[in-house]
Amino acid sequence: MKKLLGLMLAVMMVLSISLPIASLAEEPVTITFFDKNSGVRTFDDPVAKTLEERTGIKLELISPSGNPGEKLSLMLAGLNYPDIILMDRSSDIVNQYIEADALVNLSDYLDQMPNVVAMYGDTLNKTRYSDGNNYYLSNWYGYDPDPVNGFICRYDYMIELVGKERADSAEPFTWSEFKGLLNQFREAHPDTNHALVISEPSSGSINGTFAGMNSLYPYYVHDGKLFFAVRDPAFLDAIHQMNEMYREGILDPEWTSNNQELRNQKLSNPGVFAFAGAYWDPWTPSATLLASENENAEYLSYKVVPDDATTFELPLSGRSSLGWDAIAITKNCKNVEAAVKFIDYCASQEGQDLLLWGIQGQDWDFVDGVRTPIGDIVARYQADPSNVVDQTGITKWTWFVKNDVHPDDGTTSRIWFNEKDRSATYAYQNLTDGYYDSAEFANLEPAGSTIEALMYQGVIDVFDQYYPRMVNAATEEQCDALYAEMVSAMESAGMEDIESYMTDLYFARLALWGLEPVAMK
């Protein structure tokens with residue numbers, strides 16, 4: 001009986017010790033997250049599960065169904081926004097949330113986010129609000145080394161016209177040389193209707209490839225003032241080139257209506273030689289042509305420079321180091337410390353490797369100190385990117401992304417770019433010189449429903465009306481007359497007042513950042 005009583009007391013003692021420990025086990029904290037880019041994807045892939053395990057935080061995604069911008073506005077109006085929101089950084093919606101006192105001041109928590117401070121560096125200084133505080137963190141921040149715009153030409157046609165050695169060379173073509181190739185192509189393929197395809201115009205700007213070839217920046221900075229790009233003498237040079245292509249029948253006459261679907265249909269046609277735009281835009285047509293035509297029927301990147309160019313390092317495209325998105329914690333978050341912990345982990349190098357490279361030991365591992373994909377994962381992605389991303393979770397959730405290479409081994413931030421296909425290889429070979437940080441020009445435009453914002457929109461509306469008319473003019477003289485008419489109409493709409501407004505903002509920003517203008521002429 002004594003032995004039995006002793007055993008029972010021992011069991012009770014064990015239970016008295018173990019039960020409180022079990023009761024103190026922490027339950028995962030649930031954080032609600034609205035990501036305007038997430039679509040209808042579910043957060044249940046291997047990367048998502050590993051992220052929850054490592055942070056102890058369960059993520060509940062709020063679907064951005066419909067128009068994400070409208071949904072963000074409705075959530076703000078109803079004060080029913082979730083714990084964390086990801087929105088378009090260049091949109092006025094960011095300022096609306098800040099001015100409504102809907103966002104947590106992250107400056108008060110930076111001492112709890114050592115990884116954010118280390119990774120973001122000076123970007124935190126550049127994303128401060130006018131009161132000097134940080135209310136969001138940029139996504140896709142830092143200088144982006146990836147190429148974008150160029151003349152993307154059918155490789156088999158290039159070999160046919162200039163020979164394989166020249167087609168493989170990194171030497172740029174002059175504008176006259178390239179125009180000659182376009183005419184040679186038409187002579188060799190008389191059944192084609194057009195040799196050059198471009199996408200439909202974006203509001204307030206001209207085709208990026210022609211702009212870059214002529215060293216055009218988003219705004220013209222001259223004599224201590226900032227002006228709309230139409231004031232830059234090089235603007236008319238770019239319009240003349242496009243107009244010349246149109247008048248000679250080289251440019252697709254339907255260019256103003258070329259949305260993504262129609263553009264891809266045309267580029268999949270054997271009768272097209274080149275596309276002016278981002279090097280990745282013709283990936284789908286290239287896949288179609290490679291399967292139906294021949295092994296070289298693929299769109300590859302080439303640089304074209306003006307005939308009088310003294311350097312090949314042209315500003316082919318601006319890439320803002322401030323990023324595309326803004327990610328913020330809202331005042332509705334009941335566990336800010338948990339949200340801060342989640343953010344700091346995602347922003348860390350380990351967190352970035354999980355989101356953008358996958359699970360170490362499963363998707364990649366270190367080989368001789370270098371991050372190396374395991375097996376054929378990159379090849380599978382190149383063959384079927386959408387399904388592989390969904391299955392693995394790699395780059396499915398792109399949060400707090402830093403555009404850079406790994407400082408320890410020089411590998412790319414995303415696993416998919418570790419092994420370049422031919423399209424990426426030619427883009428990096430031919431299009432990497434001349435990119436600049438366009439952060440100084442970001443968000444200068446007046447927003448909201450202010451008088452300045454209405455005037456600005458009126459100026460842009462005039463530009464959008466005249467841009468296609470100048471390109472499609474019957475003669476160069478008519479093109480010039482339309483240009484003069486456009487500038488006059490933009491001035492009548494208030495262009496000078498808006499330029500004055502943006503000039504003050506621009507130079508105040510540079511003074512705050514301690515920078516000199518990048519585009520002073």
# chains A, B, ... in the order shown; residues from 1 in each chain; ligands from 1
$ closest_atom_pairs --of "segment 416-505 of chain A" --to "segment 150-157 of chain A" --cutoff "12 Å" --atoms "only C-alpha atoms" --output "JSON lines"
{"residue": "A:Arg422", "atom": "CA", "partner": "A:Tyr155", "partner_atom": "CA", "distance": 10.4}
{"residue": "A:Ser423", "atom": "CA", "partner": "A:Ile152", "partner_atom": "CA", "distance": 9.5}
{"residue": "A:Ala424", "atom": "CA", "partner": "A:Ile152", "partner_atom": "CA", "distance": 11.5}
{"residue": "A:Tyr426", "atom": "CA", "partner": "A:Ile152", "partner_atom": "CA", "distance": 9.8}
{"residue": "A:Ala427", "atom": "CA", "partner": "A:Gly150", "partner_atom": "CA", "distance": 8.3}
{"residue": "A:Tyr428", "atom": "CA", "partner": "A:Gly150", "partner_atom": "CA", "distance": 11.1}
{"residue": "A:Gln429", "atom": "CA", "partner": "A:Gly150", "partner_atom": "CA", "distance": 11.7}
{"residue": "A:Asn430", "atom": "CA", "partner": "A:Gly150", "partner_atom": "CA", "distance": 8.6}
{"residue": "A:Leu431", "atom": "CA", "partner": "A:Gly150", "partner_atom": "CA", "distance": 6.7}
{"residue": "A:Thr432", "atom": "CA", "partner": "A:Gly150", "partner_atom": "CA", "distance": 10.1}
{"residue": "A:Asp433", "atom": "CA", "partner": "A:Gly150", "partner_atom": "CA", "distance": 11.3}
{"residue": "A:Gly434", "atom": "CA", "partner": "A:Gly150", "partner_atom": "CA", "distance": 11.7}
{"residue": "A:Tyr435", "atom": "CA", "partner": "A:Gly150", "partner_atom": "CA", "distance": 11.8}
$ residues_around --residues "Thr123 of chain A" --least-positions-apart "4" --cutoff "12 Å" --atoms "only C-alpha atoms" --output "list in words"
Val116, Val117, Ala118, Met119, Thr127, Arg128, Asn134, Tyr136, Leu137, Ser138, Asn139, Trp140, Tyr141, Gly142, Tyr143, Ser320, Ser321, Leu322, Gly323, Phe400, Lys402, Asn403, Ala439 and Trp513 of chain A
$ residues_around --residues "segment 500-509 of chain A" --least-positions-apart "2" --cutoff "8 Å" --atoms "only C-alpha atoms" --output "list in words"
Lys225, Leu226, Phe227, Glu440, Phe441, Leu444, Glu445, Pro446, Glu496, Asp497, Ile498, Ala511, Leu512 and Trp513 of chain A
$ closest_residue --among "A:Glu485, A:Asp390, A:Glu337, A:Glu419" --to "Leu106 of chain A" --atoms "only C-alpha atoms"
A:Glu337
$ select_by_dssp --residues "segment 64-272 of chain A" --states "helix (DSSP H, G or I)" --output "ChimeraX atom specification"
/A:68-78,93-99,106-112,114-120,123-126,155-162,164-167,175-188,208-213,229-231,233-247,255-257,260-267
$ closest_atom_pairs --of "segment 394-425 of chain A" --to "segment 338-351 of chain A" --cutoff "10 Å" --atoms "only C-alpha atoms" --output "Markdown table"
| residue | atom | partner | partner_atom | distance |
| --- | --- | --- | --- | --- |
| A:Thr398 | CA | A:Cys346 | CA | 9.5 |
| A:Trp399 | CA | A:Cys346 | CA | 7.0 |
| A:Phe400 | CA | A:Ala347 | CA | 5.4 |
| A:Val401 | CA | A:Ala347 | CA | 7.3 |
| A:Lys402 | CA | A:Ala347 | CA | 8.3 |
| A:His406 | CA | A:Gln349 | CA | 8.6 |
| A:Ser413 | CA | A:Gln349 | CA | 9.6 |
$ closest_residue --among "A:Met242, A:Ile329, A:Ala170, A:Val94" --to "Asn472 of chain A" --atoms "only C-alpha atoms"
A:Met242
$ select_by_dssp --residues "segment 98-272 of chain A" --states "strand (DSSP E or B)" --output "JSON, numbers by chain"
{"A": [103, 137, 138, 139, 141, 149, 150, 151, 152, 153, 154, 173, 174, 196, 197, 198, 219, 220, 221, 222, 225, 226, 227, 228, 251]}
$ atom_distance --atom1 "atom CA of Phe228 of chain A" --atom2 "atom CA of Val305 of chain A"
23.1 Å
$ residues_around --residues "Gly458 of chain A" --least-positions-apart "5" --cutoff "8 Å" --atoms "only C-alpha atoms" --output "list in words"
Met490, Ala493 and Gly494 of chain A
$ atom_distance --atom1 "atom CA of Cys479 of chain A" --atom2 "atom CA of Phe463 of chain A"
13.8 Å
$ residues_around --residues "Glu99 of chain A" --least-positions-apart "4" --cutoff "12 Å" --atoms "only C-alpha atoms" --output "PyMOL selection string"
chain A and resi 76+92-95+103-105+129-131+135+448
$ write_last_selection --atoms "C-alpha atoms" --output "tab-separated table (two decimals), in the first residue's frame"
chain	number	residue	atom	x	y	z
A	76	LEU	CA	-10.18	52.47	-45.69
A	92	ASP	CA	-2.04	58.01	-53.83
A	93	ILE	CA	-3.73	55.29	-51.77
A	94	VAL	CA	-0.56	55.11	-49.64
A	95	ASN	CA	-0.85	58.78	-48.66
A	103	LEU	CA	-0.97	52.87	-40.43
A	104	VAL	CA	1.42	52.01	-37.61
A	105	ASN	CA	4.51	54.23	-37.41
A	129	TYR	CA	6.81	60.53	-45.09
A	130	SER	CA	6.89	64.33	-44.86
A	131	ASP	CA	6.83	64.11	-41.03
A	135	TYR	CA	4.83	54.10	-42.36
A	448	GLY	CA	-5.85	63.40	-55.00
